[in-house]
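data-v3.pdb (PDB, C-alpha atoms, pLDDT in the B column) appears below.
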ATOM      1  CA  MET X   1     115.422  96.543  43.916  1.00 70.00           C
ATOM      2  CA  ASP X   2     117.829  95.121  46.500  1.00 85.00           C
ATOM      3  CA  ARG X   3     120.366  93.369  44.244  1.00 94.00           C
ATOM      4  CA  ALA X   4     122.726  94.368  41.438  1.00 95.00           C
ATOM      5  CA  GLU X   5     124.802  92.031  39.298  1.00 96.00           C
ATOM      6  CA  VAL X   6     127.810  92.707  37.094  1.00 97.00           C
ATOM      7  CA  LYS X   7     128.783  90.065  34.536  1.00 97.00           C
ATOM      8  CA  SER X   8     132.025  89.762  32.647  1.00 96.00           C
ATOM      9  CA  CYS X   9     131.719  90.164  28.889  1.00 94.00           C
ATOM     10  CA  HIS X  10     134.244  87.297  28.593  1.00 92.00           C
ATOM     11  CA  GLY X  11     133.656  84.010  30.366  1.00 91.00           C
ATOM     12  CA  GLN X  12     131.146  83.223  33.100  1.00 95.00           C
ATOM     13  CA  ALA X  13     132.477  85.336  35.980  1.00 96.00           C
ATOM     14  CA  SER X  14     129.982  87.548  37.807  1.00 97.00           C
ATOM     15  CA  PHE X  15     129.784  89.773  40.877  1.00 98.00           C
ATOM     16  CA  SER X  16     126.609  90.652  42.736  1.00 98.00           C
ATOM     17  CA  MET X  17     125.673  92.811  45.712  1.00 98.00           C
ATOM     18  CA  ARG X  18     122.493  92.246  47.736  1.00 97.00           C
ATOM     19  CA  VAL X  19     121.464  94.777  50.374  1.00 96.00           C
ATOM     20  CA  THR X  20     120.508  93.225  53.711  1.00 96.00           C
ATOM     21  CA  SER X  21     119.881  96.376  55.784  1.00 94.00           C
ATOM     22  CA  ARG X  22     120.065 100.156  55.648  1.00 92.00           C
ATOM     23  CA  ALA X  23     120.743 102.826  58.243  1.00 92.00           C
ATOM     24  CA  SER X  24     121.426 106.534  57.866  1.00 89.00           C
ATOM     25  CA  ASP X  25     125.208 106.030  58.011  1.00 91.00           C
ATOM     26  CA  GLU X  26     125.679 102.641  56.347  1.00 93.00           C
ATOM     27  CA  THR X  27     124.262  99.957  54.123  1.00 94.00           C
ATOM     28  CA  LEU X  28     125.018  96.323  54.877  1.00 96.00           C
ATOM     29  CA  PHE X  29     125.185  93.951  51.930  1.00 97.00           C
ATOM     30  CA  ILE X  30     126.322  90.526  50.788  1.00 98.00           C
ATOM     31  CA  ALA X  31     128.933  90.556  48.020  1.00 98.00           C
ATOM     32  CA  THR X  32     129.010  87.383  45.932  1.00 97.00           C
ATOM     33  CA  LEU X  33     131.715  86.466  43.461  1.00 97.00           C
ATOM     34  CA  SER X  34     131.299  83.578  41.059  1.00 96.00           C
ATOM     35  CA  ASP X  35     133.925  82.409  38.608  1.00 95.00           C
ATOM     36  CA  PRO X  36     133.129  78.752  37.935  1.00 93.00           C
ATOM     37  CA  PRO X  37     134.049  76.458  39.495  1.00 94.00           C
ATOM     38  CA  PHE X  38     134.753  78.937  42.334  1.00 94.00           C
ATOM     39  CA  HIS X  39     132.147  80.777  44.383  1.00 95.00           C
ATOM     40  CA  GLY X  40     132.482  83.003  47.440  1.00 96.00           C
ATOM     41  CA  GLU X  41     130.645  85.627  49.432  1.00 96.00           C
ATOM     42  CA  VAL X  42     131.278  88.072  52.245  1.00 97.00           C
ATOM     43  CA  GLY X  43     129.221  90.495  54.271  1.00 97.00           C
ATOM     44  CA  ALA X  44     130.304  94.087  53.645  1.00 97.00           C
ATOM     45  CA  SER X  45     129.395  97.586  54.756  1.00 96.00           C
ATOM     46  CA  THR X  46     129.493 101.077  53.288  1.00 96.00           C
ATOM     47  CA  TYR X  47     130.244 102.552  56.749  1.00 95.00           C
ATOM     48  CA  VAL X  48     132.833 105.353  56.463  1.00 94.00           C
ATOM     49  CA  THR X  49     133.740 104.454  52.844  1.00 94.00           C
ATOM     50  CA  GLY X  50     130.437 105.607  51.346  1.00 92.00           C
ATOM     51  CA  PRO X  51     128.207 103.899  48.816  1.00 91.00           C
ATOM     52  CA  VAL X  52     129.825 101.526  46.366  1.00 95.00           C
ATOM     53  CA  SER X  53     127.598 103.142  43.742  1.00 95.00           C
ATOM     54  CA  ALA X  54     129.920 106.187  43.719  1.00 95.00           C
ATOM     55  CA  PHE X  55     132.735 103.932  42.464  1.00 97.00           C
ATOM     56  CA  PHE X  56     130.608 102.659  39.580  1.00 97.00           C
ATOM     57  CA  ARG X  57     129.352 106.186  38.805  1.00 96.00           C
ATOM     58  CA  GLU X  58     132.951 107.446  38.559  1.00 96.00           C
ATOM     59  CA  MET X  59     133.732 104.737  36.024  1.00 96.00           C
ATOM     60  CA  ALA X  60     130.622 105.540  33.988  1.00 96.00           C
ATOM     61  CA  GLU X  61     131.430 109.260  33.955  1.00 96.00           C
ATOM     62  CA  ALA X  62     134.909 108.461  32.619  1.00 94.00           C
ATOM     63  CA  TRP X  63     133.707 105.832  30.131  1.00 90.00           C
ATOM     64  CA  THR X  64     136.211 106.980  27.503  1.00 90.00           C
ATOM     65  CA  GLY X  65     139.045 105.964  29.832  1.00 91.00           C
ATOM     66  CA  TRP X  66     141.062 107.181  32.810  1.00 93.00           C
ATOM     67  CA  ASP X  67     144.617 107.115  34.062  1.00 93.00           C
ATOM     68  CA  GLY X  68     145.630 104.903  36.948  1.00 95.00           C
ATOM     69  CA  VAL X  69     143.377 102.789  39.120  1.00 97.00           C
ATOM     70  CA  LYS X  70     139.940 103.596  40.547  1.00 97.00           C
ATOM     71  CA  ARG X  71     139.355 101.941  43.932  1.00 98.00           C
ATOM     72  CA  TRP X  72     136.673 101.239  46.526  1.00 98.00           C
ATOM     73  CA  ALA X  73     137.108  99.083  49.625  1.00 98.00           C
ATOM     74  CA  ALA X  74     135.026  98.252  52.659  1.00 97.00           C
ATOM     75  CA  LEU X  75     136.500  99.566  55.908  1.00 95.00           C
ATOM     76  CA  ASP X  76     137.592  96.157  57.219  1.00 94.00           C
ATOM     77  CA  GLY X  77     138.929  94.970  53.853  1.00 95.00           C
ATOM     78  CA  GLU X  78     136.392  92.205  53.316  1.00 97.00           C
ATOM     79  CA  LEU X  79     135.603  93.599  49.850  1.00 98.00           C
ATOM     80  CA  SER X  80     137.920  95.530  47.542  1.00 98.00           C
ATOM     81  CA  LEU X  81     137.181  96.747  44.025  1.00 98.00           C
ATOM     82  CA  SER X  82     139.679  98.223  41.599  1.00 98.00           C
ATOM     83  CA  ALA X  83     139.288  99.167  37.958  1.00 98.00           C
ATOM     84  CA  THR X  84     141.613 100.063  35.132  1.00 97.00           C
ATOM     85  CA  THR X  85     140.995 100.846  31.510  1.00 95.00           C
ATOM     86  CA  SER X  86     143.021 100.303  28.379  1.00 90.00           C
ATOM     87  CA  ARG X  87     143.431 102.723  25.525  1.00 83.00           C
ATOM     88  CA  LEU X  88     141.114 100.467  23.525  1.00 82.00           C
ATOM     89  CA  GLY X  89     138.234 101.064  25.947  1.00 80.00           C
ATOM     90  CA  GLN X  90     138.446  97.755  27.758  1.00 89.00           C
ATOM     91  CA  VAL X  91     137.719  97.907  31.480  1.00 96.00           C
ATOM     92  CA  ALA X  92     139.202  95.394  33.918  1.00 97.00           C
ATOM     93  CA  LEU X  93     137.314  95.228  37.217  1.00 98.00           C
ATOM     94  CA  LYS X  94     139.169  93.312  39.919  1.00 98.00           C
ATOM     95  CA  ILE X  95     137.062  92.041  42.819  1.00 98.00           C
ATOM     96  CA  GLU X  96     138.690  90.730  45.974  1.00 98.00           C
ATOM     97  CA  LEU X  97     136.834  89.026  48.825  1.00 98.00           C
ATOM     98  CA  ALA X  98     138.618  88.366  52.126  1.00 97.00           C
ATOM     99  CA  THR X  99     137.806  86.668  55.410  1.00 93.00           C
ATOM    100  CA  LEU X 100     140.071  85.910  58.340  1.00 92.00           C
ATOM    101  CA  THR X 101     141.062  82.591  56.781  1.00 94.00           C
ATOM    102  CA  SER X 102     140.736  82.909  53.014  1.00 94.00           C
ATOM    103  CA  THR X 103     140.667  85.195  49.994  1.00 96.00           C
ATOM    104  CA  MET X 104     139.201  85.045  46.517  1.00 97.00           C
ATOM    105  CA  SER X 105     139.711  87.377  43.608  1.00 97.00           C
ATOM    106  CA  THR X 106     138.916  87.541  39.939  1.00 96.00           C
ATOM    107  CA  ASN X 107     138.839  90.035  37.112  1.00 96.00           C
ATOM    108  CA  LEU X 108     135.734  90.903  35.147  1.00 97.00           C
ATOM    109  CA  ALA X 109     136.088  92.282  31.636  1.00 96.00           C
ATOM    110  CA  LEU X 110     133.579  95.093  31.051  1.00 96.00           C
ATOM    111  CA  GLU X 111     132.771  97.040  27.947  1.00 92.00           C
ATOM    112  CA  ALA X 112     132.895 100.818  28.268  1.00 91.00           C
ATOM    113  CA  GLY X 113     129.405 101.056  26.779  1.00 91.00           C
ATOM    114  CA  SER X 114     127.953  99.019  29.655  1.00 94.00           C
ATOM    115  CA  LEU X 115     129.312 101.228  32.458  1.00 96.00           C
ATOM    116  CA  GLU X 116     126.371 103.639  32.565  1.00 96.00           C
ATOM    117  CA  ARG X 117     123.829 100.808  32.835  1.00 96.00           C
ATOM    118  CA  ILE X 118     125.854  99.112  35.562  1.00 97.00           C
ATOM    119  CA  ALA X 119     126.227 102.385  37.497  1.00 97.00           C
ATOM    120  CA  ARG X 120     122.478 103.025  37.250  1.00 96.00           C
ATOM    121  CA  GLU X 121     121.602  99.537  38.513  1.00 96.00           C
ATOM    122  CA  VAL X 122     124.061  99.744  41.423  1.00 96.00           C
ATOM    123  CA  SER X 123     122.760 103.223  42.319  1.00 95.00           C
ATOM    124  CA  GLN X 124     119.182 101.933  42.370  1.00 94.00           C
ATOM    125  CA  VAL X 125     120.263  99.316  44.928  1.00 93.00           C
ATOM    126  CA  PHE X 126     122.472 101.484  47.154  1.00 92.00           C
ATOM    127  CA  GLU X 127     120.781 104.858  46.734  1.00 87.00           C
ATOM    128  CA  PRO X 128     117.041 104.272  46.259  1.00 74.00           C
ATOM    129  CA  GLY X 129     115.439 107.318  44.701  1.00 64.00           C
ATOM    130  CA  PHE X 130     118.743 108.452  43.152  1.00 55.00           C
TER     131      PHE X 130
END

Represent the supplied structure as structure tokens.
Amino acid sequence: MDRAEVKSCHGQASFSMRVTSRASDETLFIATLSDPPFHGEVGASTYVTGPVSAFFREMAEAWTGWDGVKRWAALDGELSLSATTSRLGQVALKIELATLTSTMSTNLALEAGSLERIAREVSQVFEPGF
């Protein structure tokens, strides 16, 4: 598996990550954000910041909720993820894509019960054999 997709439980917005190459110290991937009629993608790396799967695993482990904001960002800022949760168990995942000339961001609504599945799928992409 070289691709993971996260879909909002409200609306048509989605976020996907497709691995393009792996090395011992980084994984290169294409991050795609779609929120019709808008669509964007950037190349991103896990170099220094570690696998994005750790971010999704942290959310899944705290599926009943957490205080504050959970964050993951690529070293050069081309991809940033942040997540918050409400007391009602609703998770808001904000995805931001950035290039030298433009930015795109959207929020995906996730259900707490879907976090473990999402974390597992992302881990299978970024940490084969996990």

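Put simply, the PyMOL selection byres ((chain X and resi 16) around 9) on this file hits Arg3, Ala4, Glu5, Val6, Lys7, Ser14, Phe15, Met17, Arg18, Ile30, Ala31, Thr32, Leu33 and Ser34 of chain X.
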
Please produce a file of the residues just selected, as an mmCIF file, in the coordinates of the input, where the atoms kept are C-alpha atoms.
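The resulting file, result15.cif, is shown below:
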data_model
loop_
_atom_site.group_PDB
_atom_site.id
_atom_site.type_symbol
_atom_site.label_atom_id
_atom_site.label_comp_id
_atom_site.auth_asym_id
_atom_site.auth_seq_id
_atom_site.Cartn_x
_atom_site.Cartn_y
_atom_site.Cartn_z
ATOM 1 C CA ARG X 3 120.366 93.369 44.244
ATOM 2 C CA ALA X 4 122.726 94.368 41.438
ATOM 3 C CA GLU X 5 124.802 92.031 39.298
ATOM 4 C CA VAL X 6 127.810 92.707 37.094
ATOM 5 C CA LYS X 7 128.783 90.065 34.536
ATOM 6 C CA SER X 14 129.982 87.548 37.807
ATOM 7 C CA PHE X 15 129.784 89.773 40.877
ATOM 8 C CA MET X 17 125.673 92.811 45.712
ATOM 9 C CA ARG X 18 122.493 92.246 47.736
ATOM 10 C CA ILE X 30 126.322 90.526 50.788
ATOM 11 C CA ALA X 31 128.933 90.556 48.020
ATOM 12 C CA THR X 32 129.010 87.383 45.932
ATOM 13 C CA LEU X 33 131.715 86.466 43.461
ATOM 14 C CA SER X 34 131.299 83.578 41.059
#

For this session: Kindly resolve the PyMOL selection byres ((chain X and resi 88) around 10) on the present coordinates and return the residues as a count of residues only.
Result: 9

For this session: Name the residues captured by the PyMOL selection byres ((chain X and resi 45) around 8) when it is applied to the shown file; answer as a count of residues only.
Result: 10

Please enclose the listed atoms of region 17-32 of chain X in an axis-aligned box, pad each side by 4 Å, and write out the centre and the three edge lengths in Å, rounded to one decimal, as lines of an AutoDock Vina configuration file.
center_x = 124.4
center_y = 97.0
center_z = 52.0
size_x = 17.1
size_y = 27.2
size_z = 20.5

Exercise. So which one's closest to Ser24 (chain X), X:Asp2, X:Leu115, X:Leu81, X:Glu127? Using only C-alpha atoms, please.
Worked result: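 Answer, going by the shortest atom-to-atom distance: X:Glu127.
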
Problem set entry | CA of Leu79 (chain X) to CA of Gly50 (chain X), distance in Å rounded to a single decimal |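 Separation of CA of Leu79 (chain X) and CA of Gly50 (chain X): 13.2 Å.
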